[in-house]
$ cat input-v8.csv   # CSV, C-alpha atoms
chain,number,residue,atom,x,y,z
A,405,MET,CA,0.0,0.0,0.0
A,406,THR,CA,1.2,3.5,-0.9
A,407,ALA,CA,-0.6,6.7,-0.2
A,408,TYR,CA,-2.7,6.1,-3.3
A,409,PHE,CA,-2.6,2.5,-4.4
A,410,THR,CA,-3.6,-0.7,-2.6
A,411,HIS,CA,-5.3,-4.1,-3.0
A,412,VAL,CA,-8.3,-5.5,-1.3
A,413,SER,CA,-6.5,-8.7,-0.5
A,414,ASP,CA,-3.9,-6.8,1.6
A,415,HIS,CA,-6.7,-5.7,4.0
A,416,THR,CA,-8.9,-8.8,4.4
A,417,ALA,CA,-8.9,-9.9,8.0
A,418,PHE,CA,-11.4,-12.0,10.0
A,419,ARG,CA,-12.2,-12.4,13.7
A,420,ALA,CA,-13.8,-15.3,15.4
A,421,ASP,CA,-15.9,-13.2,17.7
A,422,ARG,CA,-17.4,-10.6,15.4
A,423,LEU,CA,-17.1,-9.0,11.9
A,424,ALA,CA,-13.7,-7.4,11.3
A,425,LYS,CA,-13.3,-3.9,9.9
A,426,THR,CA,-10.2,-2.6,8.2
A,427,ASP,CA,-9.3,0.8,6.7
A,428,LEU,CA,-8.1,1.3,3.2
A,429,PHE,CA,-8.2,5.1,2.9
A,430,ARG,CA,-9.5,7.8,5.1
A,431,GLY,CA,-9.8,11.4,3.7
A,432,GLU,CA,-11.3,14.6,4.8
A,433,HIS,CA,-14.5,13.8,2.9
A,434,LEU,CA,-14.5,10.0,2.3
A,435,PHE,CA,-13.7,6.7,4.1
A,436,VAL,CA,-13.0,3.4,2.3
A,437,GLY,CA,-12.6,0.2,4.2
A,438,LEU,CA,-13.5,-3.5,4.3
A,439,ASN,CA,-16.1,-5.3,6.4
A,440,CYS,CA,-15.2,-9.0,6.7
A,441,PHE,CA,-17.6,-11.6,8.0
A,442,GLU,CA,-17.3,-15.2,8.9
A,443,ALA,CA,-20.5,-17.2,8.0
A,444,GLY,CA,-23.1,-16.4,10.6
A,445,GLN,CA,-21.7,-13.1,11.7
A,446,SER,CA,-23.9,-10.0,11.4
A,447,GLN,CA,-23.8,-6.2,11.7
A,448,ALA,CA,-26.5,-4.6,13.8
A,449,ILE,CA,-29.0,-2.4,11.9
A,450,HIS,CA,-27.9,1.2,12.3
A,451,THR,CA,-28.0,4.5,10.5
A,452,HIS,CA,-25.6,7.4,9.8
A,453,ALA,CA,-27.0,10.9,10.1
A,454,GLY,CA,-25.5,13.2,7.4
A,455,ALA,CA,-23.4,10.5,5.7
A,456,ASP,CA,-24.2,8.4,2.6
A,457,LYS,CA,-22.7,4.9,2.5
A,458,PHE,CA,-22.5,1.9,0.1
A,459,TYR,CA,-21.3,-1.6,0.2
A,460,LEU,CA,-19.8,-3.6,-2.7
A,461,LEU,CA,-19.8,-7.4,-2.1
A,462,ILE,CA,-16.3,-8.6,-3.2
A,463,SER,CA,-16.9,-12.2,-2.3
A,464,GLY,CA,-19.3,-14.4,-0.3
A,465,LYS,CA,-23.0,-14.0,0.4
A,466,ALA,CA,-25.0,-12.1,2.9
A,467,ARG,CA,-28.6,-11.2,3.8
A,468,MET,CA,-28.7,-7.4,4.0
A,469,ARG,CA,-31.3,-4.9,5.0
A,470,VAL,CA,-31.8,-1.3,3.9
A,471,GLY,CA,-35.0,0.5,5.1
A,472,ASP,CA,-37.7,-2.1,4.8
A,473,GLU,CA,-36.0,-4.2,2.1
A,474,VAL,CA,-34.0,-7.4,2.8
A,475,ARG,CA,-32.0,-9.1,0.0
A,476,GLU,CA,-29.5,-11.9,-0.4
A,477,MET,CA,-26.4,-10.3,-1.9
A,478,GLY,CA,-23.4,-11.9,-3.6
A,479,ALA,CA,-20.2,-10.9,-5.4
A,480,GLY,CA,-20.8,-7.8,-7.5
A,481,ASN,CA,-23.8,-6.6,-5.7
A,482,VAL,CA,-23.9,-3.0,-4.6
A,483,VAL,CA,-26.0,-1.8,-1.6
A,484,TRP,CA,-26.8,1.8,-1.1
A,485,ALA,CA,-27.5,3.2,2.4
A,486,PRO,CA,-28.3,6.9,2.1
A,487,ALA,CA,-28.0,9.2,5.1
A,488,GLY,CA,-30.5,8.5,7.7
A,489,VAL,CA,-31.8,5.2,6.3
A,490,LEU,CA,-31.5,2.1,8.6
A,491,HIS,CA,-29.2,-0.6,7.2
A,492,GLY,CA,-27.1,-3.6,8.3
A,493,VAL,CA,-26.2,-7.2,7.6
A,494,GLU,CA,-28.7,-9.6,9.1
A,495,SER,CA,-26.4,-12.5,8.5
A,496,ALA,CA,-23.4,-13.5,6.4
A,497,LEU,CA,-24.4,-16.7,4.7
A,498,ALA,CA,-20.7,-17.6,3.9
A,499,ARG,CA,-17.3,-16.0,4.6
A,500,THR,CA,-17.9,-12.6,3.0
A,501,VAL,CA,-15.8,-9.6,2.2
A,502,MET,CA,-17.5,-6.2,1.5
A,503,LEU,CA,-15.8,-3.0,0.5
A,504,VAL,CA,-17.5,0.0,2.2
A,505,GLY,CA,-17.4,3.6,1.1
A,506,MET,CA,-18.9,6.3,3.4
A,507,THR,CA,-18.8,10.0,3.4
A,508,ALA,CA,-17.7,12.0,6.4
A,509,SER,CA,-20.7,13.1,8.4
A,510,ARG,CA,-21.2,16.9,8.4
A,511,GLY,CA,-22.4,18.7,11.4
A,512,VAL,CA,-24.2,15.7,12.9
A,513,SER,CA,-22.7,13.4,15.5
A,514,ALA,CA,-22.9,9.8,14.2
A,515,PRO,CA,-20.7,7.7,16.4
A,516,GLY,CA,-20.1,4.1,15.8
A,517,SER,CA,-19.5,1.9,12.8
A,518,GLN,CA,-18.6,2.5,9.2
B,578,MET,CA,-32.0,-2.4,-9.4
B,579,THR,CA,-34.2,-1.1,-6.6
B,580,ALA,CA,-33.6,2.1,-4.6
B,581,TYR,CA,-31.0,0.3,-2.5
B,582,PHE,CA,-29.8,-2.9,-4.2
B,583,THR,CA,-28.1,-3.4,-7.6
B,584,HIS,CA,-25.4,-5.4,-9.3
B,585,VAL,CA,-22.3,-4.1,-11.1
B,586,SER,CA,-23.1,-6.3,-14.1
B,587,ASP,CA,-26.4,-4.5,-14.7
B,588,HIS,CA,-24.5,-1.2,-15.3
B,589,THR,CA,-21.5,-2.3,-17.4
B,590,ALA,CA,-21.5,-0.5,-20.8
B,591,PHE,CA,-18.8,0.2,-23.3
B,592,ARG,CA,-18.4,2.8,-26.1
B,593,ALA,CA,-16.2,2.5,-29.1
B,594,ASP,CA,-15.2,6.2,-29.0
B,595,ARG,CA,-14.3,6.8,-25.4
B,596,LEU,CA,-14.7,5.4,-21.9
B,597,ALA,CA,-18.3,4.8,-20.8
B,598,LYS,CA,-19.7,6.1,-17.5
B,599,THR,CA,-22.8,4.8,-15.8
B,600,ASP,CA,-24.4,5.8,-12.5
B,601,LEU,CA,-25.4,3.3,-9.8
B,602,PHE,CA,-26.4,5.7,-7.0
B,603,ARG,CA,-26.3,9.4,-6.5
B,604,GLY,CA,-27.0,10.8,-3.1
B,605,GLU,CA,-26.7,14.2,-1.4
B,606,HIS,CA,-23.2,13.3,-0.2
B,607,LEU,CA,-21.9,10.5,-2.4
B,608,PHE,CA,-21.9,9.3,-6.0
B,609,VAL,CA,-21.3,5.6,-7.0
B,610,GLY,CA,-20.8,4.7,-10.6
B,611,LEU,CA,-18.8,2.7,-13.1
B,612,ASN,CA,-16.1,3.7,-15.6
B,613,CYS,CA,-15.8,1.1,-18.3
B,614,PHE,CA,-12.9,1.2,-20.8
B,615,GLU,CA,-12.1,-0.8,-23.9
B,616,ALA,CA,-8.4,-1.6,-24.2
B,617,GLY,CA,-6.5,1.5,-25.2
B,618,GLN,CA,-9.0,4.0,-23.9
B,619,SER,CA,-8.0,6.5,-21.3
B,620,GLN,CA,-9.3,9.2,-18.9
B,621,ALA,CA,-7.5,12.5,-19.0
B,622,ILE,CA,-5.6,13.5,-15.9
B,623,HIS,CA,-7.8,15.8,-13.8
B,624,THR,CA,-8.6,16.8,-10.2
B,625,HIS,CA,-11.7,17.5,-8.1
B,626,ALA,CA,-11.6,20.4,-5.7
B,627,GLY,CA,-13.3,19.6,-2.4
B,628,ALA,CA,-14.2,16.0,-3.3
B,629,ASP,CA,-12.4,12.7,-2.4
B,630,LYS,CA,-12.6,9.8,-4.9
B,631,PHE,CA,-11.6,6.2,-5.2
B,632,TYR,CA,-11.6,3.5,-7.9
B,633,LEU,CA,-11.9,-0.2,-7.4
B,634,LEU,CA,-10.8,-2.3,-10.3
B,635,ILE,CA,-13.6,-4.9,-10.8
B,636,SER,CA,-12.0,-6.5,-13.9
B,637,GLY,CA,-9.3,-5.8,-16.5
B,638,LYS,CA,-6.0,-4.0,-16.2
B,639,ALA,CA,-5.1,-0.3,-16.5
B,640,ARG,CA,-2.1,2.1,-16.0
B,641,MET,CA,-3.3,4.7,-13.6
B,642,ARG,CA,-1.8,7.9,-12.2
B,643,VAL,CA,-2.3,9.7,-8.9
B,644,GLY,CA,0.0,12.6,-8.2
B,645,ASP,CA,3.4,11.6,-9.4
B,646,GLU,CA,2.8,7.9,-9.0
B,647,VAL,CA,1.9,5.6,-11.9
B,648,ARG,CA,0.9,2.0,-11.4
B,649,GLU,CA,-0.5,-0.9,-13.4
B,650,MET,CA,-3.7,-1.9,-11.6
B,651,GLY,CA,-5.8,-5.1,-11.9
B,652,ALA,CA,-8.9,-6.7,-10.3
B,653,GLY,CA,-9.0,-6.0,-6.6
B,654,ASN,CA,-6.8,-2.9,-6.7
B,655,VAL,CA,-8.1,0.2,-5.0
B,656,VAL,CA,-6.9,3.7,-6.1
B,657,TRP,CA,-7.3,6.7,-3.9
B,658,ALA,CA,-7.6,10.2,-5.3
B,659,PRO,CA,-8.0,12.7,-2.5
B,660,ALA,CA,-9.4,16.2,-3.1
B,661,GLY,CA,-7.1,18.3,-5.2
B,662,VAL,CA,-4.7,15.6,-6.3
B,663,LEU,CA,-4.3,15.0,-10.0
B,664,HIS,CA,-5.4,11.5,-11.2
B,665,GLY,CA,-6.5,9.6,-14.2
B,666,VAL,CA,-6.2,6.5,-16.3
B,667,GLU,CA,-3.3,6.7,-18.7
B,668,SER,CA,-4.4,3.7,-20.6
B,669,ALA,CA,-6.6,0.6,-20.2
B,670,LEU,CA,-4.4,-2.4,-21.0
B,671,ALA,CA,-7.5,-4.6,-21.5
B,672,ARG,CA,-11.3,-4.2,-21.3
B,673,THR,CA,-11.6,-2.8,-17.8
B,674,VAL,CA,-14.4,-2.1,-15.4
B,675,MET,CA,-13.9,0.2,-12.4
B,676,LEU,CA,-16.3,1.1,-9.7
B,677,VAL,CA,-15.9,4.8,-8.7
B,678,GLY,CA,-17.0,6.4,-5.5
B,679,MET,CA,-16.8,10.1,-5.1
B,680,THR,CA,-18.1,12.7,-2.6
B,681,ALA,CA,-20.2,15.6,-3.6
B,682,SER,CA,-18.0,18.7,-3.8
B,683,ARG,CA,-18.7,21.3,-1.2
B,684,GLY,CA,-18.6,25.0,-1.9
B,685,VAL,CA,-16.2,24.6,-4.9
B,686,SER,CA,-17.2,24.2,-8.5
B,687,ALA,CA,-15.7,21.1,-10.0
B,688,PRO,CA,-17.4,20.5,-13.3
B,689,GLY,CA,-16.6,17.5,-15.4
B,690,SER,CA,-16.0,13.9,-14.9
B,691,GLN,CA,-16.5,11.5,-12.0
$ encode --input "input-v8.csv" --output "structure tokens"
Amino acid sequence: MTAYFTHVSDHTAFRADRLAKTDLFRGEHLFVGLNCFEAGQSQAIHTHAGADKFYLLISGKARMRVGDEVREMGAGNVVWAPAGVLHGVESALARTVMLVGMTASRGVSAPGSQ
Amino acid sequence: MTAYFTHVSDHTAFRADRLAKTDLFRGEHLFVGLNCFEAGQSQAIHTHAGADKFYLLISGKARMRVGDEVREMGAGNVVWAPAGVLHGVESALARTVMLVGMTASRGVSAPGSQ
């Protein structure tokens, strides 16, 4: 990894106890990272005030929620979680790697996860 | 595609005359799209004032520049172009699909490409 170039495979990491999060890049306006799940792990439904977010499924399979919609997502799927809309991963259905991009929140405190 | 869920393969499109750009999601804070290149196509070196951007190579191979660094990138590579830093695709070395995420610019006019 340099200041500008990296590879997803250099950042994949898993934990036995919960999903693992790693950072790729963190700028003034944008964060890019990975969320890595073992089968059966989840991410609590949550929301970000003032920050848009998306997930790209790199590999694996997961049941994901945004708003009232729940879908099974696989490699190549992209999931959009606009500011203020509840979202999360109900369950990874296999070992799953997601790239996450999220904007910095602006003027609103939104502690917690990416 | 719904309001929240889509797949990269539903948005890949190529043009004979230049790189093709398609939108996946466009929010108040964040844009997500694809840049699709035939081999030999390029993207002029440019910059975005007030907006961070990244590319994820989905497939293919391309010679990319950020600042003074030039690298050959393939599937799984992630390229970070922070606000104000010159970047672009010097040449696609094969048919190449990149996912692009970019923040909305704030208070600075930055017309042109994603």
$ interface_residues --input "input-v8.csv" --of "chain A" --to "chain B" --cutoff "9 Å" --atoms "all atoms listed in the file" --output "ChimeraX atom specification"
/A:407-413,428-429,431-436,454-458,460,462,470-471,473,475,477-487,505-509
$ calpha_fit_and_write --input "input-v8.csv" --fixed "chain B" --moving "chain A" --output "compact mmCIF listing (two decimals) with C-alpha atoms, in the frame of the given file"
# COMPACT_ATOMS: atom_id res chain seq x y z
CA MET A 405 -32.04 -2.34 -9.42
CA THR A 406 -34.17 -1.04 -6.55
CA ALA A 407 -33.60 2.12 -4.64
CA TYR A 408 -31.03 0.29 -2.54
CA PHE A 409 -29.82 -2.86 -4.21
CA THR A 410 -28.10 -3.42 -7.55
CA HIS A 411 -25.36 -5.38 -9.36
CA VAL A 412 -22.32 -4.18 -11.14
CA SER A 413 -23.09 -6.32 -14.13
CA ASP A 414 -26.41 -4.48 -14.69
CA HIS A 415 -24.46 -1.22 -15.30
CA THR A 416 -21.45 -2.28 -17.41
CA ALA A 417 -21.57 -0.56 -20.76
CA PHE A 418 -18.82 0.23 -23.30
CA ARG A 419 -18.43 2.74 -26.13
CA ALA A 420 -16.22 2.50 -29.12
CA ASP A 421 -15.23 6.12 -29.07
CA ARG A 422 -14.35 6.75 -25.45
CA LEU A 423 -14.69 5.32 -21.87
CA ALA A 424 -18.31 4.88 -20.80
CA LYS A 425 -19.62 6.10 -17.46
CA THR A 426 -22.72 4.80 -15.76
CA ASP A 427 -24.46 5.73 -12.48
CA LEU A 428 -25.28 3.29 -9.78
CA PHE A 429 -26.37 5.62 -6.96
CA ARG A 430 -26.31 9.32 -6.54
CA GLY A 431 -27.00 10.83 -3.04
CA GLU A 432 -26.77 14.17 -1.46
CA HIS A 433 -23.26 13.37 -0.21
CA LEU A 434 -21.96 10.46 -2.36
CA PHE A 435 -21.89 9.26 -6.01
CA VAL A 436 -21.24 5.64 -7.06
CA GLY A 437 -20.84 4.70 -10.66
CA LEU A 438 -18.82 2.62 -13.13
CA ASN A 439 -16.09 3.70 -15.52
CA CYS A 440 -15.78 1.18 -18.38
CA PHE A 441 -12.87 1.12 -20.77
CA GLU A 442 -12.11 -0.73 -23.91
CA ALA A 443 -8.35 -1.64 -24.20
CA GLY A 444 -6.51 1.50 -25.19
CA GLN A 445 -9.03 3.97 -23.92
CA SER A 446 -7.92 6.51 -21.30
CA GLN A 447 -9.28 9.18 -18.94
CA ALA A 448 -7.53 12.54 -19.01
CA ILE A 449 -5.65 13.49 -15.82
CA HIS A 450 -7.89 15.78 -13.80
CA THR A 451 -8.61 16.76 -10.24
CA HIS A 452 -11.70 17.42 -8.08
CA ALA A 453 -11.55 20.38 -5.73
CA GLY A 454 -13.34 19.58 -2.41
CA ALA A 455 -14.22 15.97 -3.30
CA ASP A 456 -12.39 12.73 -2.39
CA LYS A 457 -12.66 9.88 -4.90
CA PHE A 458 -11.56 6.20 -5.24
CA TYR A 459 -11.58 3.58 -7.85
CA LEU A 460 -11.96 -0.19 -7.32
CA LEU A 461 -10.82 -2.28 -10.34
CA ILE A 462 -13.57 -4.95 -10.83
CA SER A 463 -11.97 -6.51 -13.85
CA GLY A 464 -9.28 -5.83 -16.47
CA LYS A 465 -6.03 -3.90 -16.22
CA ALA A 466 -5.09 -0.30 -16.46
CA ARG A 467 -2.13 2.06 -16.02
CA MET A 468 -3.28 4.73 -13.57
CA ARG A 469 -1.77 7.89 -12.24
CA VAL A 470 -2.32 9.67 -8.93
CA GLY A 471 -0.05 12.70 -8.15
CA ASP A 472 3.35 11.65 -9.35
CA GLU A 473 2.79 7.89 -9.06
CA VAL A 474 1.85 5.61 -12.00
CA ARG A 475 0.89 1.95 -11.41
CA GLU A 476 -0.50 -0.97 -13.35
CA MET A 477 -3.72 -1.94 -11.59
CA GLY A 478 -5.80 -5.11 -11.85
CA ALA A 479 -8.88 -6.71 -10.29
CA GLY A 480 -9.04 -5.90 -6.59
CA ASN A 481 -6.85 -2.92 -6.68
CA VAL A 482 -8.06 0.23 -5.01
CA VAL A 483 -6.87 3.74 -6.07
CA TRP A 484 -7.34 6.70 -3.88
CA ALA A 485 -7.60 10.23 -5.35
CA PRO A 486 -7.99 12.72 -2.51
CA ALA A 487 -9.41 16.18 -3.15
CA GLY A 488 -7.18 18.29 -5.17
CA VAL A 489 -4.72 15.59 -6.24
CA LEU A 490 -4.31 15.01 -10.04
CA HIS A 491 -5.42 11.54 -11.18
CA GLY A 492 -6.57 9.64 -14.29
CA VAL A 493 -6.16 6.51 -16.35
CA GLU A 494 -3.25 6.75 -18.74
CA SER A 495 -4.39 3.69 -20.58
CA ALA A 496 -6.61 0.64 -20.15
CA LEU A 497 -4.42 -2.30 -20.97
CA ALA A 498 -7.49 -4.63 -21.49
CA ARG A 499 -11.29 -4.19 -21.35
CA THR A 500 -11.60 -2.85 -17.81
CA VAL A 501 -14.43 -2.09 -15.46
CA MET A 502 -13.84 0.22 -12.42
CA LEU A 503 -16.33 1.10 -9.75
CA VAL A 504 -15.92 4.78 -8.71
CA GLY A 505 -17.02 6.37 -5.48
CA MET A 506 -16.79 10.19 -5.10
CA THR A 507 -18.07 12.59 -2.59
CA ALA A 508 -20.14 15.60 -3.54
CA SER A 509 -17.94 18.65 -3.83
CA ARG A 510 -18.70 21.31 -1.18
CA GLY A 511 -18.54 24.92 -1.96
CA VAL A 512 -16.09 24.55 -4.85
CA SER A 513 -17.10 24.32 -8.48
CA ALA A 514 -15.59 21.13 -9.97
CA PRO A 515 -17.27 20.54 -13.27
CA GLY A 516 -16.59 17.57 -15.37
CA SER A 517 -16.05 13.88 -14.79
CA GLN A 518 -16.62 11.54 -11.90
$ atom_distance --input "input-v8.csv" --atom1 "atom CA of Val662 of chain B" --atom2 "atom CA of Gln620 of chain B"
14.9 Å
$ closest_residue --input "input-v8.csv" --among "A:Asp427, A:Phe418, A:Gly464, A:Ser495" --to "Ser446 of chain A" --atoms "all atoms listed in the file"
A:Ser495
$ closest_residue --input "input-v8.csv" --among "B:Thr673, B:Ser636, B:Thr624, B:Gln618" --to "Asp594 of chain B" --atoms "all atoms listed in the file"
B:Gln618
$ atom_distance --input "input-v8.csv" --atom1 "atom CA of Gly617 of chain B" --atom2 "atom CA of Ala671 of chain B"
7.2 Å
$ atom_distance --input "input-v8.csv" --atom1 "atom CA of Ala669 of chain B" --atom2 "atom CA of Ala616 of chain B"
4.9 Å
$ closest_residue --input "input-v8.csv" --among "A:Cys440, A:Ala466, A:Ile449, A:Ala420" --to "Met502 of chain A" --atoms "all atoms listed in the file"
A:Cys440
$ decode --input "input-v8.csv" --residues "segment 440-465 of chain A" --atoms "N, CA and C atoms" --output "PDB file, in the first residue's frame"
ATOM      1  N   CYS A 440     -15.417  -7.593   6.942  1.00  0.00           N
ATOM      2  CA  CYS A 440     -15.167  -9.016   6.661  1.00  0.00           C
ATOM      3  C   CYS A 440     -15.916  -9.870   7.672  1.00  0.00           C
ATOM      4  N   PHE A 441     -16.754 -10.763   7.167  1.00  0.00           N
ATOM      5  CA  PHE A 441     -17.623 -11.579   8.015  1.00  0.00           C
ATOM      6  C   PHE A 441     -17.301 -13.053   7.843  1.00  0.00           C
ATOM      7  N   GLU A 442     -17.234 -13.776   8.955  1.00  0.00           N
ATOM      8  CA  GLU A 442     -17.338 -15.230   8.887  1.00  0.00           C
ATOM      9  C   GLU A 442     -18.814 -15.586   8.726  1.00  0.00           C
ATOM     10  N   ALA A 443     -19.089 -16.751   8.174  1.00  0.00           N
ATOM     11  CA  ALA A 443     -20.476 -17.200   8.033  1.00  0.00           C
ATOM     12  C   ALA A 443     -21.180 -17.117   9.380  1.00  0.00           C
ATOM     13  N   GLY A 444     -22.362 -16.539   9.371  1.00  0.00           N
ATOM     14  CA  GLY A 444     -23.146 -16.432  10.594  1.00  0.00           C
ATOM     15  C   GLY A 444     -22.959 -15.130  11.340  1.00  0.00           C
ATOM     16  N   GLN A 445     -21.908 -14.396  11.052  1.00  0.00           N
ATOM     17  CA  GLN A 445     -21.730 -13.100  11.714  1.00  0.00           C
ATOM     18  C   GLN A 445     -22.673 -12.057  11.109  1.00  0.00           C
ATOM     19  N   SER A 446     -22.897 -10.989  11.870  1.00  0.00           N
ATOM     20  CA  SER A 446     -23.862  -9.982  11.436  1.00  0.00           C
ATOM     21  C   SER A 446     -23.345  -8.586  11.781  1.00  0.00           C
ATOM     22  N   GLN A 447     -24.064  -7.599  11.286  1.00  0.00           N
ATOM     23  CA  GLN A 447     -23.807  -6.201  11.652  1.00  0.00           C
ATOM     24  C   GLN A 447     -25.152  -5.611  12.058  1.00  0.00           C
ATOM     25  N   ALA A 448     -25.213  -5.075  13.257  1.00  0.00           N
ATOM     26  CA  ALA A 448     -26.489  -4.563  13.767  1.00  0.00           C
ATOM     27  C   ALA A 448     -27.051  -3.489  12.837  1.00  0.00           C
ATOM     28  N   ILE A 449     -28.351  -3.456  12.734  1.00  0.00           N
ATOM     29  CA  ILE A 449     -29.020  -2.437  11.925  1.00  0.00           C
ATOM     30  C   ILE A 449     -28.751  -1.081  12.581  1.00  0.00           C
ATOM     31  N   HIS A 450     -28.325  -0.130  11.764  1.00  0.00           N
ATOM     32  CA  HIS A 450     -27.930   1.176  12.293  1.00  0.00           C
ATOM     33  C   HIS A 450     -28.116   2.229  11.203  1.00  0.00           C
ATOM     34  N   THR A 451     -27.840   3.470  11.539  1.00  0.00           N
ATOM     35  CA  THR A 451     -27.976   4.533  10.550  1.00  0.00           C
ATOM     36  C   THR A 451     -26.890   5.569  10.778  1.00  0.00           C
ATOM     37  N   HIS A 452     -26.605   6.337   9.739  1.00  0.00           N
ATOM     38  CA  HIS A 452     -25.622   7.420   9.828  1.00  0.00           C
ATOM     39  C   HIS A 452     -26.323   8.725   9.452  1.00  0.00           C
ATOM     40  N   ALA A 453     -26.368   9.638  10.385  1.00  0.00           N
ATOM     41  CA  ALA A 453     -26.962  10.941  10.088  1.00  0.00           C
ATOM     42  C   ALA A 453     -25.966  11.768   9.281  1.00  0.00           C
ATOM     43  N   GLY A 454     -26.389  12.272   8.161  1.00  0.00           N
ATOM     44  CA  GLY A 454     -25.541  13.171   7.380  1.00  0.00           C
ATOM     45  C   GLY A 454     -24.455  12.506   6.574  1.00  0.00           C
ATOM     46  N   ALA A 455     -24.481  11.169   6.458  1.00  0.00           N
ATOM     47  CA  ALA A 455     -23.438  10.469   5.696  1.00  0.00           C
ATOM     48  C   ALA A 455     -24.058   9.381   4.824  1.00  0.00           C
ATOM     49  N   ASP A 456     -23.774   9.442   3.519  1.00  0.00           N
ATOM     50  CA  ASP A 456     -24.173   8.372   2.604  1.00  0.00           C
ATOM     51  C   ASP A 456     -23.122   7.267   2.633  1.00  0.00           C
ATOM     52  N   LYS A 457     -23.568   6.046   2.377  1.00  0.00           N
ATOM     53  CA  LYS A 457     -22.680   4.878   2.455  1.00  0.00           C
ATOM     54  C   LYS A 457     -23.085   3.865   1.402  1.00  0.00           C
ATOM     55  N   PHE A 458     -22.128   3.088   0.926  1.00  0.00           N
ATOM     56  CA  PHE A 458     -22.474   1.923   0.113  1.00  0.00           C
ATOM     57  C   PHE A 458     -21.551   0.772   0.443  1.00  0.00           C
ATOM     58  N   TYR A 459     -22.038  -0.424   0.132  1.00  0.00           N
ATOM     59  CA  TYR A 459     -21.253  -1.646   0.230  1.00  0.00           C
ATOM     60  C   TYR A 459     -21.138  -2.250  -1.179  1.00  0.00           C
ATOM     61  N   LEU A 460     -19.976  -2.777  -1.498  1.00  0.00           N
ATOM     62  CA  LEU A 460     -19.816  -3.640  -2.668  1.00  0.00           C
ATOM     63  C   LEU A 460     -19.389  -5.014  -2.167  1.00  0.00           C
ATOM     64  N   LEU A 461     -20.143  -6.035  -2.522  1.00  0.00           N
ATOM     65  CA  LEU A 461     -19.769  -7.398  -2.133  1.00  0.00           C
ATOM     66  C   LEU A 461     -18.629  -7.858  -3.029  1.00  0.00           C
ATOM     67  N   ILE A 462     -17.477  -8.109  -2.413  1.00  0.00           N
ATOM     68  CA  ILE A 462     -16.305  -8.593  -3.151  1.00  0.00           C
ATOM     69  C   ILE A 462     -16.404 -10.110  -3.311  1.00  0.00           C
ATOM     70  N   SER A 463     -16.775 -10.777  -2.251  1.00  0.00           N
ATOM     71  CA  SER A 463     -16.901 -12.240  -2.273  1.00  0.00           C
ATOM     72  C   SER A 463     -17.855 -12.661  -1.171  1.00  0.00           C
ATOM     73  N   GLY A 464     -18.407 -13.860  -1.316  1.00  0.00           N
ATOM     74  CA  GLY A 464     -19.281 -14.397  -0.292  1.00  0.00           C
ATOM     75  C   GLY A 464     -20.751 -14.129  -0.576  1.00  0.00           C
ATOM     76  N   LYS A 465     -21.544 -14.139   0.481  1.00  0.00           N
ATOM     77  CA  LYS A 465     -23.003 -14.025   0.353  1.00  0.00           C
ATOM     78  C   LYS A 465     -23.550 -13.553   1.692  1.00  0.00           C
TER      79      LYS A 465
END
